[in-house]
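Data from protein-v2.txt: compact mmCIF, C-alpha atoms
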# COMPACT_ATOMS: atom_id res chain seq x y z
CA ALA A 1 -41.77 -11.26 -164.49
CA ILE A 2 -45.43 -11.28 -163.51
CA PRO A 3 -46.73 -7.71 -163.23
CA SER A 4 -49.48 -6.87 -160.79
CA PHE A 5 -51.49 -3.85 -159.89
CA LEU A 6 -52.98 -2.42 -156.76
CA SER A 7 -56.35 -0.89 -155.80
CA PRO A 8 -58.00 -2.02 -153.77
CA GLY A 9 -55.95 -5.24 -153.46
CA VAL A 10 -53.16 -7.05 -155.23
CA PHE A 11 -54.28 -9.25 -158.12
CA PHE A 12 -51.94 -11.20 -160.36
CA PHE A 13 -52.36 -12.49 -163.88
CA SER A 14 -50.02 -14.54 -166.03
CA HIS A 15 -48.25 -13.31 -169.14
CA SER A 16 -47.94 -16.78 -170.66
CA GLN A 17 -49.32 -17.17 -174.17
CA VAL A 18 -51.38 -20.27 -173.40
CA PRO A 19 -55.03 -20.16 -174.49
CA ILE A 20 -57.02 -17.85 -172.25
CA THR A 21 -59.57 -19.32 -169.90
CA MET A 22 -61.92 -16.95 -168.13
CA ASP A 23 -63.53 -19.13 -165.48
CA PHE A 24 -66.58 -17.56 -163.87
CA THR A 25 -67.66 -20.75 -162.09
CA SER A 26 -64.75 -21.36 -159.70
CA GLU A 27 -63.96 -19.40 -156.58
CA PRO A 28 -62.87 -16.78 -155.92
CA GLY A 29 -63.55 -15.53 -159.45
CA PRO A 30 -62.49 -12.20 -160.92
CA LYS A 31 -61.97 -9.22 -158.61
CA MET A 32 -62.06 -5.52 -159.37
CA GLY A 33 -58.54 -4.16 -159.56
CA TYR A 34 -57.57 -0.81 -161.06
CA VAL A 35 -60.36 1.76 -161.46
CA LEU A 36 -60.09 4.67 -163.88
CA ARG A 37 -62.16 7.58 -162.61
CA GLY A 38 -64.23 9.48 -165.17
CA ARG A 39 -66.50 12.50 -165.16
CA THR A 40 -69.08 11.37 -167.72
CA PRO A 41 -70.23 7.92 -168.88
CA ALA A 42 -67.92 6.03 -171.22
CA THR A 43 -69.47 5.54 -174.67
CA SER A 44 -66.93 3.10 -176.13
CA ILE A 45 -63.96 1.02 -174.97
CA SER A 46 -61.43 -0.99 -176.98
CA TYR A 47 -58.50 -3.22 -176.01
CA HIS A 48 -55.36 -3.19 -178.11
CA GLU A 49 -54.76 -6.56 -179.80
CA THR A 50 -51.76 -7.23 -177.51
CA GLY A 51 -53.95 -6.75 -174.42
CA SER A 52 -51.49 -4.18 -173.07
CA HIS A 53 -53.71 -1.10 -173.22
CA LEU A 54 -57.36 -0.13 -173.05
CA PHE A 55 -58.78 2.95 -174.79
CA VAL A 56 -61.84 4.61 -173.22
CA ALA A 57 -63.97 7.20 -175.06
CA SER A 58 -66.42 9.56 -173.35
CA GLU A 59 -68.62 11.53 -175.71
CA ASN A 60 -70.05 14.04 -173.24
CA ASP A 61 -66.68 15.53 -172.32
CA SER A 62 -64.89 14.67 -175.62
CA VAL A 63 -62.09 12.79 -173.89
CA LEU A 64 -60.04 9.71 -174.77
CA ARG A 65 -58.41 7.99 -171.79
CA ILE A 66 -55.77 5.27 -171.89
CA VAL A 67 -55.13 2.52 -169.34
CA ASP A 68 -51.99 0.42 -168.93
CA CYS A 69 -53.60 -3.01 -168.48
CA LEU A 70 -50.39 -4.80 -167.47
CA ASN A 71 -49.58 -2.56 -164.53
CA GLY A 72 -53.01 -1.15 -163.70
CA GLY A 73 -52.68 2.60 -164.07
CA PRO A 74 -51.93 5.41 -166.51
CA PRO A 75 -49.44 4.57 -169.26
CA SER A 76 -45.83 5.67 -168.90
CA ASP A 77 -45.14 5.99 -172.63
CA ARG A 78 -47.99 8.26 -173.71
CA PRO A 79 -50.46 10.80 -172.28
CA PRO A 80 -53.15 9.18 -170.10
CA MET A 81 -55.85 11.54 -171.38
CA ILE A 82 -56.41 13.33 -174.69
CA LYS A 83 -58.99 16.07 -175.11
CA LEU A 84 -60.68 16.14 -178.50
CA GLN A 85 -62.79 19.25 -178.10
CA ARG A 86 -62.76 20.22 -181.77
CA GLU A 87 -63.70 16.85 -183.25
CA GLY A 88 -65.46 15.26 -180.30
CA ILE A 89 -65.36 11.48 -179.85
CA ARG A 90 -68.08 8.86 -179.78
CA ASN A 91 -66.57 5.48 -180.73
CA VAL A 92 -62.98 4.32 -180.39
CA GLN A 93 -61.31 1.35 -182.10
CA SER A 94 -57.75 0.19 -181.48
CA THR A 95 -55.57 -0.56 -184.50
CA HIS A 96 -52.52 -2.73 -185.13
CA HIS A 97 -50.30 0.19 -184.15
CA GLY A 98 -49.85 0.35 -180.40
CA HIS A 99 -50.04 4.13 -180.24
CA CYS A 100 -52.76 4.84 -182.82
CA VAL A 101 -56.54 4.53 -182.73
CA LEU A 102 -59.51 5.20 -184.96
CA PHE A 103 -62.35 7.27 -183.56
CA SER A 104 -65.62 8.68 -184.82
CA ALA A 105 -66.58 12.28 -184.21
CA GLY A 106 -68.98 13.27 -181.47
CA SER A 107 -72.61 13.80 -182.44
CA GLN A 108 -72.62 17.52 -181.61
CA ARG A 109 -69.76 18.64 -183.85
CA GLY A 110 -71.54 20.17 -186.83
CA SER A 111 -70.34 19.39 -190.33
CA LYS A 112 -67.63 16.99 -189.11
CA THR A 113 -70.06 14.78 -187.18
CA ASN A 114 -69.85 12.00 -189.75
CA ALA A 115 -66.06 11.78 -190.01
CA VAL A 116 -63.66 9.13 -188.72
CA TYR A 117 -60.12 10.02 -187.65
CA TYR A 118 -56.83 8.17 -187.27
CA LEU A 119 -55.13 9.52 -184.16
CA SER A 120 -51.62 9.13 -182.80
CA ALA A 121 -52.15 8.90 -179.05
CA HIS A 122 -48.41 9.24 -178.50
CA ASP A 123 -48.30 12.91 -179.50
CA ASN A 124 -52.01 13.76 -179.91
CA LYS A 125 -51.90 14.27 -183.67
CA ILE A 126 -54.62 13.40 -186.16
CA LEU A 127 -52.82 11.59 -188.97
CA ARG A 128 -55.74 11.04 -191.35
CA GLU A 129 -59.40 11.89 -191.79
CA PHE A 130 -61.96 9.65 -193.46
CA SER A 131 -65.06 11.42 -194.78
CA GLY A 132 -67.97 10.24 -196.89
CA HIS A 133 -70.77 9.16 -194.60
CA THR A 134 -73.80 11.44 -194.61
CA GLY A 135 -75.10 10.17 -191.26
CA VAL A 136 -73.61 9.65 -187.82
CA VAL A 137 -71.04 6.83 -187.68
CA THR A 138 -72.45 4.22 -185.32
CA GLY A 139 -69.64 1.65 -185.34
CA ILE A 140 -66.04 0.90 -186.36
CA SER A 141 -64.57 -2.57 -186.86
CA MET A 142 -60.87 -3.15 -187.51
CA SER A 143 -59.69 -6.05 -189.64
CA PRO A 144 -57.56 -8.39 -187.51
CA VAL A 145 -55.16 -9.13 -190.39
CA ASP A 146 -54.54 -5.87 -192.29
CA ASP A 147 -55.11 -2.12 -192.21
CA THR A 148 -58.65 -2.10 -193.56
CA PHE A 149 -61.60 -1.20 -191.36
CA LEU A 150 -65.38 -1.01 -191.59
CA THR A 151 -67.66 1.83 -190.58
CA SER A 152 -71.42 1.62 -190.22
CA SER A 153 -73.60 4.70 -190.31
CA ALA A 154 -77.09 6.05 -189.83
CA ASP A 155 -77.01 6.91 -193.55
CA GLY A 156 -77.78 3.23 -194.23
CA THR A 157 -74.37 2.29 -195.59
CA VAL A 158 -71.33 0.32 -194.48
CA ARG A 159 -68.01 1.45 -195.90
CA LEU A 160 -64.61 -0.22 -196.13
CA TRP A 161 -61.49 1.94 -195.74
CA ASP A 162 -57.72 1.59 -195.68
CA ILE A 163 -55.89 3.34 -192.85
CA GLY A 164 -53.05 4.18 -195.20
CA LYS A 165 -55.31 6.01 -197.64
CA SER A 166 -57.09 9.18 -196.56
CA GLY A 167 -60.18 10.33 -198.39
CA ASN A 168 -62.55 8.06 -200.25
CA ASN A 169 -63.55 4.62 -199.06
CA ILE A 170 -62.41 1.57 -201.02
CA GLY A 171 -65.79 -0.11 -200.85
CA GLN A 172 -69.42 0.61 -199.98
CA MET A 173 -72.21 -1.77 -199.06
CA THR A 174 -75.78 -0.46 -199.14
CA SER A 175 -78.58 -1.99 -197.09
CA PRO A 176 -81.42 -3.79 -198.92
CA GLN A 177 -84.41 -1.57 -199.75
CA ASN A 178 -86.78 -3.23 -197.31
CA VAL A 179 -84.84 -2.23 -194.17
CA GLU A 180 -84.98 0.54 -191.60
CA GLY A 181 -82.57 2.02 -189.09
CA SER A 182 -78.80 1.82 -189.06
CA PRO A 183 -76.82 -1.22 -190.25
CA PHE A 184 -73.99 -2.68 -188.18
CA ALA A 185 -70.86 -4.41 -189.40
CA ALA A 186 -68.07 -6.52 -187.93
CA PHE A 187 -65.10 -8.57 -189.10
CA ASP A 188 -64.75 -12.15 -187.92
CA SER A 189 -61.57 -13.26 -186.14
CA THR A 190 -59.86 -14.37 -189.36
CA GLY A 191 -60.41 -11.11 -191.22
CA LEU A 192 -61.56 -13.14 -194.23
CA VAL A 193 -65.26 -12.54 -193.60
CA PHE A 194 -67.32 -9.62 -192.39
CA GLY A 195 -70.98 -9.47 -191.53
CA ILE A 196 -73.57 -6.73 -191.90
CA SER A 197 -76.90 -6.65 -190.08
CA ALA A 198 -79.92 -4.49 -190.94
CA ALA A 199 -83.46 -4.45 -189.59
CA MET A 200 -86.42 -5.49 -191.72
CA ASN A 201 -89.29 -3.06 -192.09
CA GLY A 202 -91.96 -3.19 -189.43
CA GLY A 203 -89.81 -4.84 -186.79
CA GLU A 204 -90.23 -8.26 -188.40
CA GLY A 205 -86.63 -9.34 -187.91
CA ASN A 206 -83.15 -8.66 -189.23
CA HIS A 207 -81.03 -9.45 -192.25
CA VAL A 208 -77.49 -10.73 -191.66
CA HIS A 209 -75.32 -10.75 -194.78
CA LEU A 210 -71.84 -12.29 -194.87
CA TYR A 211 -69.17 -11.03 -197.28
CA ASP A 212 -65.82 -12.34 -198.47
CA ALA A 213 -63.49 -9.51 -197.42
CA ARG A 214 -61.26 -10.20 -200.45
CA ASN A 215 -64.12 -10.15 -202.95
CA PHE A 216 -66.83 -8.03 -201.32
CA SER A 217 -67.73 -6.21 -204.53
CA VAL A 218 -69.65 -9.25 -205.84
CA GLY A 219 -72.06 -9.01 -202.92
CA PRO A 220 -72.74 -11.29 -199.96
CA PHE A 221 -72.04 -15.00 -200.21
CA SER A 222 -74.62 -15.71 -197.51
CA GLU A 223 -77.93 -13.93 -196.88
CA MET A 224 -79.53 -14.96 -193.60
CA LYS A 225 -82.77 -13.80 -192.02
CA VAL A 226 -83.39 -13.78 -188.28
CA THR A 227 -87.16 -13.43 -187.97
CA ARG A 228 -89.03 -11.82 -185.11
CA GLN A 229 -90.88 -15.10 -184.56
CA ASP A 230 -87.58 -16.99 -184.11
CA ILE A 231 -86.35 -14.40 -181.61
CA GLU A 232 -89.66 -14.47 -179.75
CA ALA A 233 -89.47 -18.26 -179.52
CA ILE A 234 -86.06 -18.33 -177.81
CA LEU A 235 -87.11 -15.52 -175.46
CA ARG A 236 -90.14 -17.52 -174.35
CA ARG A 237 -88.04 -20.67 -174.06
CA ASP A 238 -85.54 -18.80 -171.89
CA GLY A 239 -88.19 -17.62 -169.44
CA CYS A 240 -89.85 -14.49 -170.79
CA THR A 241 -93.60 -14.04 -170.52
CA PRO A 242 -95.41 -14.01 -173.87
CA GLU A 243 -95.96 -10.24 -173.58
CA SER A 244 -92.30 -9.51 -172.80
CA ALA A 245 -91.08 -11.92 -175.47
CA TYR A 246 -93.19 -10.22 -178.14
CA SER A 247 -91.96 -6.75 -177.12
CA LEU A 248 -88.29 -7.71 -176.82
CA SER A 249 -88.31 -9.61 -180.12
CA ARG A 250 -88.81 -6.26 -181.87
CA SER A 251 -85.82 -4.62 -180.14
CA GLU A 252 -83.50 -2.61 -182.35
CA TRP A 253 -80.08 -4.22 -182.84
CA ILE A 254 -77.14 -1.99 -181.88
CA SER A 255 -74.08 -4.25 -182.03
CA MET A 256 -72.78 -7.50 -183.48
CA GLU A 257 -69.68 -9.58 -182.73
CA PHE A 258 -68.39 -12.93 -184.00
CA ASN A 259 -66.95 -15.39 -181.53
CA LYS A 260 -63.41 -16.60 -182.26
CA SER A 261 -64.47 -19.69 -184.23
CA GLY A 262 -67.12 -17.78 -186.19
CA LYS A 263 -69.76 -20.30 -185.19
CA GLN A 264 -71.83 -17.76 -183.26
CA ILE A 265 -72.69 -14.08 -183.61
CA LEU A 266 -73.56 -12.03 -180.54
CA ILE A 267 -76.18 -9.32 -180.94
CA GLY A 268 -76.79 -6.44 -178.53
CA THR A 269 -80.09 -4.54 -178.60
CA LYS A 270 -81.51 -1.25 -177.40
CA SER A 271 -84.04 -2.79 -175.06
CA GLY A 272 -81.98 -4.76 -172.59
CA VAL A 273 -81.56 -8.11 -174.29
CA ALA A 274 -78.68 -9.79 -176.08
CA MET A 275 -78.80 -12.94 -178.16
CA THR A 276 -76.59 -15.33 -180.04
CA ILE A 277 -77.35 -16.54 -183.54
CA ASP A 278 -75.77 -19.32 -185.57
CA GLY A 279 -72.90 -17.97 -187.66
CA TYR A 280 -73.73 -20.28 -190.56
CA ASP A 281 -77.51 -20.31 -190.91
CA GLY A 282 -78.67 -17.38 -188.75
CA GLY A 283 -80.76 -19.52 -186.42
CA ALA A 284 -81.54 -17.90 -183.06
CA LEU A 285 -79.67 -19.81 -180.33
CA ARG A 286 -79.83 -18.16 -176.91
CA SER A 287 -81.00 -14.96 -175.21
CA PHE A 288 -79.40 -13.06 -172.33
CA MET A 289 -81.50 -10.66 -170.25
CA LEU A 290 -80.63 -7.31 -168.72
CA ASP A 291 -80.94 -7.39 -164.93
CA SER A 292 -82.91 -4.17 -164.57
CA GLY A 293 -84.86 -4.90 -161.42
CA HIS A 294 -88.19 -4.36 -163.15
CA ASP A 295 -90.23 -5.65 -166.06
CA ARG A 296 -87.76 -6.70 -168.72
CA ALA A 297 -89.96 -5.49 -171.56
CA SER A 298 -89.99 -1.95 -170.20
CA SER A 299 -86.21 -1.37 -170.30
CA SER A 300 -85.10 1.41 -172.62
CA GLN A 301 -81.38 0.94 -171.97
CA PRO A 302 -79.02 -0.56 -174.55
CA MET A 303 -77.36 -3.86 -173.76
CA ALA A 304 -73.56 -3.72 -173.53
CA THR A 305 -72.29 -7.23 -174.25
CA CYS A 306 -69.29 -9.20 -175.50
CA PHE A 307 -67.90 -12.70 -175.89
CA THR A 308 -64.85 -13.84 -173.93
CA PRO A 309 -61.94 -15.01 -176.13
CA ASP A 310 -62.35 -18.62 -174.98
CA GLU A 311 -65.93 -18.56 -176.37
CA ARG A 312 -67.26 -19.96 -173.10
CA SER A 313 -68.96 -16.87 -171.72
CA VAL A 314 -71.07 -13.87 -172.65
CA ILE A 315 -70.60 -10.74 -170.52
CA CYS A 316 -73.52 -8.32 -170.13
CA GLY A 317 -73.70 -4.97 -168.35
CA ASN A 318 -76.74 -4.17 -166.21
CA GLU A 319 -78.65 -1.02 -165.27
CA ASN A 320 -77.92 -1.49 -161.58
CA GLY A 321 -74.14 -1.48 -162.02
CA THR A 322 -73.67 -5.26 -161.91
CA ILE A 323 -72.17 -7.41 -164.64
CA SER A 324 -73.80 -10.73 -165.58
CA CYS A 325 -71.50 -13.53 -166.73
CA PHE A 326 -73.42 -16.18 -168.67
CA ASP A 327 -72.45 -19.53 -170.11
CA ALA A 328 -72.48 -18.84 -173.86
CA ASN A 329 -74.05 -22.19 -174.77
CA SER A 330 -76.47 -22.95 -171.95
CA GLY A 331 -77.39 -19.38 -171.01
CA ILE A 332 -76.86 -20.18 -167.33
CA LEU A 333 -75.83 -17.22 -165.18
CA ASN A 334 -72.46 -18.31 -163.72
CA ARG A 335 -71.59 -15.18 -161.80
CA LYS A 336 -72.69 -11.62 -161.14
CA LEU A 337 -69.95 -9.06 -160.52
CA LYS A 338 -70.62 -6.09 -158.24
CA GLY A 339 -68.67 -2.88 -157.75
CA HIS A 340 -70.03 -0.18 -160.06
CA VAL A 341 -72.61 2.33 -158.87
CA ASP A 342 -74.33 3.15 -162.16
CA ARG A 343 -75.47 1.56 -165.44
CA ILE A 344 -72.81 -0.40 -167.29
CA GLY A 345 -72.58 1.11 -170.76
CA CYS A 346 -69.50 -0.72 -172.07
CA VAL A 347 -67.90 -4.14 -171.58
CA ALA A 348 -64.86 -5.74 -173.22
CA ALA A 349 -62.68 -8.82 -172.77
CA ASN A 350 -58.90 -8.64 -172.97
CA PRO A 351 -57.82 -10.61 -176.07
CA LYS A 352 -54.58 -11.93 -174.51
CA TYR A 353 -54.96 -12.09 -170.74
CA ALA A 354 -57.56 -13.16 -168.19
CA GLN A 355 -59.00 -9.71 -167.71
CA ILE A 356 -62.23 -7.89 -168.52
CA ALA A 357 -63.08 -4.18 -168.56
CA THR A 358 -66.42 -2.61 -167.65
CA SER A 359 -67.49 1.02 -167.73
CA CYS A 360 -70.14 3.29 -166.27
CA THR A 361 -68.69 6.72 -165.49
CA ASN A 362 -65.67 4.89 -164.09
CA THR A 363 -63.88 2.07 -165.90
CA ALA A 364 -62.78 -1.01 -163.95
CA LEU A 365 -60.34 -3.79 -164.81
CA TRP A 366 -61.29 -7.18 -163.38
CA VAL A 367 -58.61 -9.86 -162.97
CA TRP A 368 -58.39 -13.42 -161.71

Could you show the structure in this file as structure tokens?
Amino acid sequence: AIPSFLSPGVFFFSHSQVPITMDFTSEPGPKMGYVLRGRTPATSISYHETGSHLFVASENDSVLRIVDCLNGGPPSDRPPMIKLQREGIRNVQSTHHGHCVLFSAGSQRGSKTNAVYYLSAHDNKILREFSGHTGVVTGISMSPVDDTFLTSSADGTVRLWDIGKSGNNIGQMTSPQNVEGSPFAAFDSTGLVFGISAAMNGGEGNHVHLYDARNFSVGPFSEMKVTRQDIEAILRRDGCTPESAYSLSRSEWISMEFNKSGKQILIGTKSGVAMTIDGYDGGALRSFMLDSGHDRASSSQPMATCFTPDERSVICGNENGTISCFDANSGILNRKLKGHVDRIGCVAANPKYAQIATSCTNTALWVW
């Protein structure tokens, strides 16, 4: 059977397990299908690894919402909305279990602000709590091959945990001494490697360290540096004025993601620019600009961005509610999607089907 969903039209997508192709160059292109209405902006979204469900976190109202991505609507096998008023919620990360997620506490929840929880969305029960960070948890990354996960925090550390073991972390990585701000961490698609980024002092660039997930205690096996000058050079090459390029090259990094092959790493920043770097030597490859409708260097909005699973495209959310779909290698803008009415704060690509999700206050599923 080929499920479909309505609103505002009927859009079909295949359930075959052939490699996904998300083609933004051919007509008619993806169309907005199901729309999940929210009351406050989404702060984090995460697809389950099967592509069957999407989890949507909203920090301002402490709510986790769940979308059935195969039928376009609320799920029939679990509550569509869970209120987490006591813990709050900021980031959400799907796990290998279809009904369970990891989430970090909201930033206004007192002594528990720095905790991470393992939640059963089926019956709204917190199964485990992971405490140890002394600063706000800024990111969660689940291993694709086992039950370990990474958390990055404003306390300057990245910690490795096991979902099956509450309490202390099983590993801790501390940023080099000559860094500032929060580190970010992510597993690659194999689960054998994870990367940690941290900003150099004075806005002079960023460290990117790669670790063997099976032998992380010996330290990174690769230590790369992405200098401000290298970032500035690709910004100027890609069309920025010298003034904008200098300003944007000092943007604070806020996310990192490996593409499926591990050959590229996608970086999101606080000032409306994303970039790809070489996954082997850290060389700056390509920049992707926020479409803000004004001087690019003056944007203060974070860049929501992600790779598509076929590695062909980079998706970026814009301040004006549009979504820019770039060719990952050339940087050419292949398509701009329209339908939201406010800034896009979250984007994600379905790992199994030709579908993407984008969020402002509302969350939309786009299908071919």

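If you measure from each of A:His96, A:Arg37, A:His53, A:Lys225 to Ala198 in chain A using all atoms listed in the file, the closest one turns out to be A:Lys225.
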
If we count only C-alpha atoms, what is near His122 in chain A at a cut-off of 12 Å, once residues fewer than 4 positions away on the same chain are taken out, given as a list in words? Ile66, Pro75, Ser76, Asp77, Arg78, Pro79, Pro80, Met81, Ile82, His97, Gly98, His99, Cys100, Val101, Ile126 and Leu127 of chain A

I'd like the neighbourhood of Phe307 in chain A as a ChimeraX atom specification, where a residue qualifies if any of its atoms comes within 12 Å (using all atoms listed in the file), though same-chain residues fewer than 5 positions away should be ignored. /A:22,256-262,264-268,274-276,312-316,325-329,347-351,356

Between A:Leu119, A:Ile45, A:Val56, A:Ala364, which has the minimum distance to Glu87 in chain A (counting all atoms listed in the file)? A:Leu119

Contacts of Val273 in chain A within 12 Å, only C-alpha atoms, excl. fewer than 4 positions in-chain, as a PyMOL selection string: chain A and resi 231-232+234-235+238+240+244-245+247-255+266-269+286-292+296-305+315-319+324

Restricting the calculation to only C-alpha atoms, which member of A:Ile277, A:Val208, A:Ile196, A:Leu64 is positioned closest to Ser44 in chain A? A:Leu64

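Pairwise distance (CA of Gly29 in chain A, CA of Ser271 in chain A) equals 28.7 Å.
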
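In terms of minimum interatomic distance to Leu337 in chain A, A:Ile323 ranks closest within A:Ala57, A:Ile323, A:Ala42, A:Val145, counting only C-alpha atoms.
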
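For the pair CA of Arg335 in chain A and CA of Lys270 in chain A, the separation is 23.1 Å.
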
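Taking only C-alpha atoms into account, Asn60 in chain A lies nearest to A:Lys83 out of the set A:His48, A:Lys165, A:Arg237, A:Lys83.
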
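What separates CA of Val35 in chain A from CA of Gly72 in chain A is a distance of 8.2 Å.
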
Residues near Val341 in chain A, cut-off 10 Å, only C-alpha atoms, skip fewer than 6 positions along chain, as a count of residues only: 7
